[in-house]
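This is my_file_10.csv. It holds CSV, C-alpha atoms and all ligand atoms.
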chain,number,residue,atom,x,y,z
H,263,MET,CA,60.7,32.2,34.8
H,264,PRO,CA,62.8,33.2,37.9
H,265,VAL,CA,61.2,32.5,41.2
H,266,THR,CA,60.4,35.6,43.3
H,267,PRO,CA,62.3,35.3,46.6
H,268,SER,CA,59.4,37.2,48.3
H,269,LYS,CA,58.1,36.2,51.7
H,270,THR,CA,59.1,32.8,53.0
H,271,PRO,CA,56.2,30.3,52.9
H,272,ALA,CA,55.1,28.4,56.0
H,273,ALA,CA,57.2,25.4,57.0
H,274,GLY,CA,54.5,23.0,55.7
H,275,ARG,CA,50.8,22.6,55.5
H,276,PRO,CA,48.9,19.3,56.0
H,277,VAL,CA,46.9,17.9,53.1
H,278,SER,CA,43.7,18.4,55.2
H,279,ALA,CA,44.2,22.2,55.1
H,280,SER,CA,43.6,22.4,51.3
H,281,LYS,CA,40.8,19.8,50.9
H,282,VAL,CA,37.8,21.0,48.9
H,283,GLU,CA,34.4,19.4,48.4
H,284,MET,CA,32.2,21.0,45.8
H,285,THR,CA,28.7,20.0,44.8
H,286,GLU,CA,27.0,20.7,41.5
H,287,ILE,CA,23.6,19.9,40.0
H,288,VAL,CA,23.6,19.2,36.2
H,289,PHE,CA,21.3,21.7,34.5
H,290,PRO,CA,20.1,21.5,30.9
H,291,ASN,CA,22.6,24.2,30.1
H,292,ASP,CA,25.4,21.9,31.2
H,293,ALA,CA,24.2,19.0,29.0
H,294,ASN,CA,24.9,17.6,25.5
H,295,PRO,CA,22.0,16.8,23.1
H,296,LEU,CA,21.8,13.3,24.7
H,297,GLY,CA,20.8,14.8,28.0
H,298,ASN,CA,24.1,14.0,29.7
H,299,VAL,CA,26.6,16.4,31.3
H,300,MET,CA,29.2,17.7,28.8
H,301,GLY,CA,32.8,16.6,29.4
H,302,GLY,CA,33.9,20.2,29.0
H,303,ARG,CA,31.6,21.3,31.8
H,304,VAL,CA,33.0,18.6,34.1
H,305,MET,CA,36.5,19.8,33.2
H,306,GLN,CA,35.6,23.3,34.1
H,307,TRP,CA,34.3,22.2,37.5
H,308,ILE,CA,37.4,20.1,38.0
H,309,ASP,CA,39.6,23.1,37.3
H,310,ILE,CA,37.7,25.4,39.7
H,311,CYS,CA,37.7,22.8,42.5
H,312,ALA,CA,41.4,22.2,42.0
H,313,ALA,CA,42.2,25.9,41.9
H,314,ILE,CA,40.5,26.4,45.2
H,315,ALA,CA,42.5,23.6,46.8
H,316,ALA,CA,45.8,24.9,45.3
H,317,GLY,CA,44.9,28.4,46.5
H,318,ARG,CA,44.1,27.2,50.0
H,319,HIS,CA,47.5,25.5,50.2
H,320,ALA,CA,49.6,28.3,48.6
H,321,ARG,CA,47.7,31.3,50.0
H,322,THR,CA,48.9,33.1,46.8
H,323,PRO,CA,47.4,33.6,43.4
H,324,VAL,CA,47.6,30.4,41.4
H,325,VAL,CA,47.3,29.4,37.7
H,326,THR,CA,46.7,26.1,36.0
H,327,ALA,CA,49.9,25.0,34.4
H,328,SER,CA,48.7,21.6,33.1
H,329,VAL,CA,46.0,19.0,33.3
H,330,ASP,CA,46.8,15.3,32.9
H,331,LYS,CA,44.6,13.0,30.9
H,332,ILE,CA,41.0,12.8,32.1
H,333,ASP,CA,38.9,9.6,31.7
H,334,PHE,CA,35.1,9.8,32.0
H,335,HIS,CA,33.8,6.6,33.4
H,336,ARG,CA,30.0,7.0,33.2
H,337,PRO,CA,27.5,9.5,31.9
H,338,VAL,CA,25.5,11.7,34.3
H,339,ARG,CA,21.9,12.8,33.4
H,340,VAL,CA,20.5,16.2,33.7
H,341,GLY,CA,19.3,16.6,37.3
H,342,GLY,CA,22.2,14.5,38.6
H,343,VAL,CA,24.2,15.6,41.6
H,344,LEU,CA,28.0,15.7,41.2
H,345,ILE,CA,30.4,15.8,44.1
H,346,LEU,CA,34.0,16.9,43.4
H,347,LEU,CA,36.7,16.2,46.0
H,348,ALA,CA,40.1,17.9,45.6
H,349,SER,CA,43.3,18.0,47.6
H,350,VAL,CA,47.0,18.9,47.1
H,351,ASN,CA,48.9,15.6,46.6
H,352,ALA,CA,52.5,17.0,46.3
H,353,THR,CA,54.4,20.2,46.0
H,354,GLY,CA,57.5,21.3,44.1
H,355,SER,CA,59.3,24.6,44.6
H,356,THR,CA,56.5,26.7,43.2
H,357,SER,CA,54.1,24.1,41.8
H,358,MET,CA,51.5,21.8,43.3
H,359,GLU,CA,49.8,18.7,42.0
H,360,VAL,CA,46.1,18.6,42.9
H,361,GLY,CA,44.1,15.4,42.5
H,362,VAL,CA,40.3,15.7,41.8
H,363,LYS,CA,37.8,12.9,42.0
H,364,VAL,CA,34.3,13.3,40.7
H,365,PHE,CA,31.3,11.3,41.9
H,366,ASN,CA,27.7,11.1,41.0
H,367,GLU,CA,25.6,11.0,44.1
H,368,ASP,CA,22.4,8.9,44.0
H,369,ARG,CA,19.7,11.1,45.5
H,370,ALA,CA,17.6,8.2,46.8
H,371,THR,CA,20.4,6.3,48.5
H,372,GLY,CA,23.3,8.8,48.9
H,373,ASN,CA,25.6,6.2,47.2
H,374,ARG,CA,28.4,7.7,45.2
H,375,SER,CA,29.7,6.3,41.9
H,376,HIS,CA,33.0,7.4,40.4
H,377,VAL,CA,32.6,9.6,37.3
H,378,ALA,CA,36.0,11.0,36.6
H,379,SER,CA,39.4,11.7,38.0
H,380,ALA,CA,42.1,14.2,37.1
H,381,TYR,CA,45.5,15.4,38.2
H,382,LEU,CA,46.3,19.1,37.6
H,383,THR,CA,49.4,21.1,38.2
H,384,PHE,CA,49.1,24.7,39.6
H,385,VAL,CA,51.8,27.3,39.9
H,386,SER,CA,51.9,29.8,42.7
H,387,LEU,CA,52.5,33.4,41.7
H,388,ASP,CA,53.8,36.5,43.4
H,389,PRO,CA,51.3,39.2,44.3
H,390,ASP,CA,51.8,40.9,40.9
H,391,THR,CA,51.0,37.6,39.3
H,392,ARG,CA,54.1,37.9,37.1
H,393,MET,CA,56.5,35.3,38.5
H,394,PRO,CA,56.3,31.9,40.2
H,395,ALA,CA,56.5,32.2,44.0
H,396,PRO,CA,57.6,29.5,46.5
H,397,VAL,CA,55.0,27.2,48.1
H,398,SER,CA,55.1,25.5,51.5
H,399,PRO,CA,55.7,21.7,51.3
H,400,VAL,CA,52.5,19.7,51.7
H,401,LEU,CA,52.6,17.3,54.7
H,402,PRO,CA,50.8,14.0,54.1
H,403,GLU,CA,49.5,12.6,57.3
H,404,THR,CA,47.4,9.5,56.5
H,405,ASP,CA,48.4,6.3,54.7
H,406,ASP,CA,46.3,7.3,51.7
H,407,GLU,CA,47.9,10.8,51.7
H,408,ARG,CA,51.4,9.3,51.8
H,409,ARG,CA,50.5,6.9,48.9
H,410,ARG,CA,49.1,9.8,46.8
H,411,HIS,CA,52.2,11.9,47.7
H,412,ARG,CA,54.6,9.1,46.5
H,413,GLU,CA,52.5,8.6,43.3
H,414,ALA,CA,52.3,12.3,42.6
H,415,LEU,CA,56.1,12.7,42.9
H,416,ALA,CA,56.5,9.9,40.3
H,417,ARG,CA,54.1,11.7,38.0
H,418,ARG,CA,55.9,15.0,38.5
H,419,ALA,CA,59.2,13.4,37.5
H,420,ALA,CA,57.5,11.9,34.4
H,421,ARG,CA,56.1,15.3,33.5
H,422,LEU,CA,59.4,17.0,33.9
H,423,GLN,CA,61.1,14.3,31.7
H,424,ALA,CA,58.4,14.7,29.0
H,425,ARG,CA,58.8,18.5,29.0
H,426,GLN,CA,62.6,18.1,28.7
H,427,ASP,CA,62.3,15.6,25.9
H,428,LYS,CA,59.9,17.9,24.1
H,429,GLU,CA,62.2,20.9,24.4
H,430,ARG,CA,65.1,18.8,23.2
H,431,GLY,CA,63.0,17.7,20.2
H,432,ALA,CA,62.0,21.3,19.4
H,433,GLY,CA,65.6,22.5,19.7
H,434,GLY,CA,67.0,19.8,17.5
H,501,LIG,C1,52.5,28.2,34.5
H,501,LIG,C2,53.5,29.3,34.3
H,501,LIG,C3,53.3,30.4,35.4
H,501,LIG,C4,54.9,28.7,34.4
H,501,LIG,O1,55.8,29.6,34.1
H,501,LIG,P1,57.3,29.2,33.6
H,501,LIG,O2,58.0,30.4,33.2
H,501,LIG,O3,57.2,28.0,32.8
H,501,LIG,O4,57.9,28.8,35.0
H,501,LIG,P2,59.1,27.9,35.4
H,501,LIG,O5,59.7,27.3,34.2
H,501,LIG,O6,59.9,28.7,36.3
H,501,LIG,O7,58.3,26.8,36.3
H,501,LIG,C5,57.7,27.1,37.4
H,501,LIG,C6,57.0,25.8,37.9
H,501,LIG,O8,56.0,25.5,37.1
H,501,LIG,C7,56.1,24.1,36.7
H,501,LIG,N1,55.6,24.0,35.3
H,501,LIG,C8,55.8,24.9,34.3
H,501,LIG,N2,55.2,24.5,33.2
H,501,LIG,C9,54.5,23.3,33.5
H,501,LIG,C10,53.7,22.4,32.8
H,501,LIG,N3,53.4,22.6,31.6
H,501,LIG,N4,53.2,21.3,33.5
H,501,LIG,C11,53.5,21.1,34.8
H,501,LIG,N5,54.3,22.0,35.5
H,501,LIG,C12,54.8,23.1,34.9
H,501,LIG,C13,57.6,23.9,36.7
H,501,LIG,O9,57.9,22.5,36.8
H,501,LIG,C14,58.0,24.6,38.0
H,501,LIG,O10,57.6,23.9,39.1
H,501,LIG,P3,58.6,23.8,40.5
H,501,LIG,O11,58.9,25.3,40.8
H,501,LIG,O12,57.7,23.3,41.5
H,501,LIG,O13,59.7,23.0,40.2
H,501,LIG,C15,53.3,30.0,32.9
H,501,LIG,O14,53.6,29.1,31.9
H,501,LIG,C16,51.9,30.6,32.7
H,501,LIG,O15,51.7,31.7,33.2
H,501,LIG,N6,51.1,29.8,32.0
H,501,LIG,C17,49.7,30.3,31.8
H,501,LIG,C18,48.9,29.9,33.0
H,501,LIG,C19,47.4,30.1,32.7
H,501,LIG,O16,47.1,31.2,32.2
H,501,LIG,N7,46.6,29.1,32.9
H,501,LIG,C20,45.2,29.0,32.5
H,501,LIG,C21,44.3,30.0,33.1
H,501,LIG,S1,44.3,29.9,34.9

Target encoding structure tokens, full file:
Amino acid sequence: MPVTPSKTPAAGRPVSASKVEMTEIVFPNDANPLGNVMGGRVMQWIDICAAIAAGRHARTPVVTASVDKIDFHRPVRVGGVLILLASVNATGSTSMEVGVKVFNEDRATGNRSHVASAYLTFVSLDPDTRMPAPVSPVLPETDDERRRHREALARRAARLQARQDKERGAGG
């Protein structure tokens, strides 16, 4: 898809400008027959949390282009509190990698245990939501943000390579 040369995006936005914290309680309607939250429901919350972060960064309509592998590390019971943290790790011309980390917060102690993590790629669209639109570069400021930025660029290169390999395979 050609990129819309619409309005020029800002020179850059810090990672902190797109950070999102979202809190959910697991209700019976979110659970499987074992009484634990369904993976699909957690994936939905991850997608929403990441979309808000991408939208905050791009300030344009955004769509989910891809979701990397998600591992679920521990079950969460009905009544459990989930905290989702999301931020933009890196940007391309029109796309953004968003990292989301999901925690279960113990109500009694406030301690958080890691439930799942995911990396998602969002694409910024023009106002008509027809064509990809440019995004501002993300500006990592802390050591952690710089590390995530480096790692995200390596994942982006691997994703591009995988897509090229797939297209070559499909063409041949
Ligand atoms: C995502 C979408 C806009 C990309 O359109 P496209 O014609 O492939 O666009 P392009 O080839 O010009 O690529 C645009 C950007 O998307 C990235 N991209 C495209 N497909 C991708 C994929 N599967 N995974 C990761 N990134 C992808 C490209 O790398 C490029 O990034 P860059 O500009 O930062 O280099 C289009 O495929 C789409 O609309 N998909 C449906 C989205 C959707 O409905 N999501 C679910 C509901 S929100």

Surroundings of ligand LIG 501 (chain H) up to 6 Å, based on all atoms listed in the file, as a ChimeraX atom specification: /H:263-264,325-328,354-357,383,385,394

Who sits within 7 Å of range 398-409 of chain H, only C-alpha atoms, same chain under 2 positions skipped, as a ChimeraX atom specification: /H:271-277,320,352-353,396,411-413

Include C-alpha atoms and write out the residues we just selected as a PDB file, keeping the file's coordinate frame.
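Just written: result23.pdb:
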ATOM      1  CA  PRO H 271      56.200  30.300  52.900  1.00  0.00           C
ATOM      2  CA  ALA H 272      55.100  28.400  56.000  1.00  0.00           C
ATOM      3  CA  ALA H 273      57.200  25.400  57.000  1.00  0.00           C
ATOM      4  CA  GLY H 274      54.500  23.000  55.700  1.00  0.00           C
ATOM      5  CA  ARG H 275      50.800  22.600  55.500  1.00  0.00           C
ATOM      6  CA  PRO H 276      48.900  19.300  56.000  1.00  0.00           C
ATOM      7  CA  VAL H 277      46.900  17.900  53.100  1.00  0.00           C
ATOM      8  CA  ALA H 320      49.600  28.300  48.600  1.00  0.00           C
ATOM      9  CA  ALA H 352      52.500  17.000  46.300  1.00  0.00           C
ATOM     10  CA  THR H 353      54.400  20.200  46.000  1.00  0.00           C
ATOM     11  CA  PRO H 396      57.600  29.500  46.500  1.00  0.00           C
ATOM     12  CA  HIS H 411      52.200  11.900  47.700  1.00  0.00           C
ATOM     13  CA  ARG H 412      54.600   9.100  46.500  1.00  0.00           C
ATOM     14  CA  GLU H 413      52.500   8.600  43.300  1.00  0.00           C
TER      15      GLU H 413
END

Shell of 8 Å around His376 in chain H, all atoms listed in the file, local chain residues under 4 positions omitted, as a PyMOL selection string: chain H and resi 335-336+363-366

Residue nearest Ile310 in chain H among H:Leu382, H:Glu359, H:Asp368, H:Ala279 (counting only C-alpha atoms):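 Distance minimum relative to Ile310 in chain H lands on H:Leu382.
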
For Ile345 in chain H, the nearest of the candidates H:Ala315, H:Ile332, H:Leu387, H:Val282, counting all atoms listed in the file: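 Among the listed residues, H:Val282 lies closest to Ile345 in chain H.
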
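Going from CA of Pro295 in chain H to CA of Asp309 in chain H covers 23.5 Å.
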
Reconstruct N, CA and C atoms of range 311-340 of chain H; output as an mmCIF file, in the coordinates of the input.
data_model
loop_
_atom_site.group_PDB
_atom_site.id
_atom_site.type_symbol
_atom_site.label_atom_id
_atom_site.label_comp_id
_atom_site.auth_asym_id
_atom_site.auth_seq_id
_atom_site.Cartn_x
_atom_site.Cartn_y
_atom_site.Cartn_z
ATOM 1 N N CYS H 311 37.517 23.495 41.199
ATOM 2 C CA CYS H 311 37.700 22.800 42.500
ATOM 3 C C CYS H 311 39.177 22.680 42.820
ATOM 4 N N ALA H 312 39.971 22.330 41.807
ATOM 5 C CA ALA H 312 41.400 22.200 42.000
ATOM 6 C C ALA H 312 42.068 23.513 42.325
ATOM 7 N N ALA H 313 41.606 24.568 41.650
ATOM 8 C CA ALA H 313 42.200 25.900 41.900
ATOM 9 C C ALA H 313 41.933 26.351 43.325
ATOM 10 N N ILE H 314 40.762 26.015 43.852
ATOM 11 C CA ILE H 314 40.500 26.400 45.200
ATOM 12 C C ILE H 314 41.398 25.650 46.190
ATOM 13 N N ALA H 315 41.604 24.355 45.924
ATOM 14 C CA ALA H 315 42.500 23.600 46.800
ATOM 15 C C ALA H 315 43.933 24.124 46.710
ATOM 16 N N ALA H 316 44.410 24.408 45.491
ATOM 17 C CA ALA H 316 45.800 24.900 45.300
ATOM 18 C C ALA H 316 45.917 26.283 46.039
ATOM 19 N N GLY H 317 44.891 27.129 45.884
ATOM 20 C CA GLY H 317 44.900 28.400 46.500
ATOM 21 C C GLY H 317 44.897 28.344 48.041
ATOM 22 N N ARG H 318 44.137 27.372 48.549
ATOM 23 C CA ARG H 318 44.100 27.200 50.000
ATOM 24 C C ARG H 318 45.467 26.751 50.525
ATOM 25 N N HIS H 319 46.156 25.918 49.720
ATOM 26 C CA HIS H 319 47.500 25.500 50.200
ATOM 27 C C HIS H 319 48.489 26.629 50.076
ATOM 28 N N ALA H 320 48.507 27.291 48.900
ATOM 29 C CA ALA H 320 49.600 28.300 48.600
ATOM 30 C C ALA H 320 49.311 29.608 49.334
ATOM 31 N N ARG H 321 48.027 29.972 49.447
ATOM 32 C CA ARG H 321 47.700 31.300 50.000
ATOM 33 C C ARG H 321 48.268 32.412 49.109
ATOM 34 N N THR H 322 48.382 32.138 47.806
ATOM 35 C CA THR H 322 48.900 33.100 46.800
ATOM 36 C C THR H 322 47.967 32.967 45.590
ATOM 37 N N PRO H 323 48.063 33.879 44.613
ATOM 38 C CA PRO H 323 47.400 33.600 43.400
ATOM 39 C C PRO H 323 47.934 32.369 42.692
ATOM 40 N N VAL H 324 47.078 31.571 42.074
ATOM 41 C CA VAL H 324 47.600 30.400 41.400
ATOM 42 C C VAL H 324 47.005 30.276 40.000
ATOM 43 N N VAL H 325 47.776 29.646 39.098
ATOM 44 C CA VAL H 325 47.300 29.400 37.700
ATOM 45 C C VAL H 325 47.431 27.922 37.397
ATOM 46 N N THR H 326 46.559 27.459 36.523
ATOM 47 C CA THR H 326 46.700 26.100 36.000
ATOM 48 C C THR H 326 47.807 26.024 35.036
ATOM 49 N N ALA H 327 48.791 25.160 35.291
ATOM 50 C CA ALA H 327 49.900 25.000 34.400
ATOM 51 C C ALA H 327 49.630 23.834 33.409
ATOM 52 N N SER H 328 49.019 22.755 33.937
ATOM 53 C CA SER H 328 48.700 21.600 33.100
ATOM 54 C C SER H 328 47.662 20.729 33.700
ATOM 55 N N VAL H 329 47.014 19.976 32.836
ATOM 56 C CA VAL H 329 46.000 19.000 33.300
ATOM 57 C C VAL H 329 46.385 17.669 32.642
ATOM 58 N N ASP H 330 46.515 16.637 33.456
ATOM 59 C CA ASP H 330 46.800 15.300 32.900
ATOM 60 C C ASP H 330 45.551 14.745 32.256
ATOM 61 N N LYS H 331 45.726 13.644 31.587
ATOM 62 C CA LYS H 331 44.600 13.000 30.900
ATOM 63 C C LYS H 331 43.409 12.740 31.838
ATOM 64 N N ILE H 332 42.204 12.994 31.311
ATOM 65 C CA ILE H 332 41.000 12.800 32.100
ATOM 66 C C ILE H 332 40.161 11.674 31.425
ATOM 67 N N ASP H 333 39.782 10.666 32.180
ATOM 68 C CA ASP H 333 38.900 9.600 31.700
ATOM 69 C C ASP H 333 37.500 9.850 32.276
ATOM 70 N N PHE H 334 36.449 9.754 31.446
ATOM 71 C CA PHE H 334 35.100 9.800 32.000
ATOM 72 C C PHE H 334 34.523 8.424 32.007
ATOM 73 N N HIS H 335 34.201 7.965 33.198
ATOM 74 C CA HIS H 335 33.800 6.600 33.400
ATOM 75 C C HIS H 335 32.349 6.286 33.125
ATOM 76 N N ARG H 336 31.483 7.258 33.415
ATOM 77 C CA ARG H 336 30.000 7.000 33.200
ATOM 78 C C ARG H 336 29.334 8.364 32.965
ATOM 79 N N PRO H 337 28.236 8.305 32.161
ATOM 80 C CA PRO H 337 27.500 9.500 31.900
ATOM 81 C C PRO H 337 26.660 9.951 33.119
ATOM 82 N N VAL H 338 26.354 11.227 33.201
ATOM 83 C CA VAL H 338 25.500 11.700 34.300
ATOM 84 C C VAL H 338 24.355 12.518 33.649
ATOM 85 N N ARG H 339 23.120 12.165 33.993
ATOM 86 C CA ARG H 339 21.900 12.800 33.400
ATOM 87 C C ARG H 339 21.682 14.167 33.952
ATOM 88 N N VAL H 340 20.935 14.967 33.189
ATOM 89 C CA VAL H 340 20.500 16.200 33.700
ATOM 90 C C VAL H 340 19.700 15.988 35.010
#
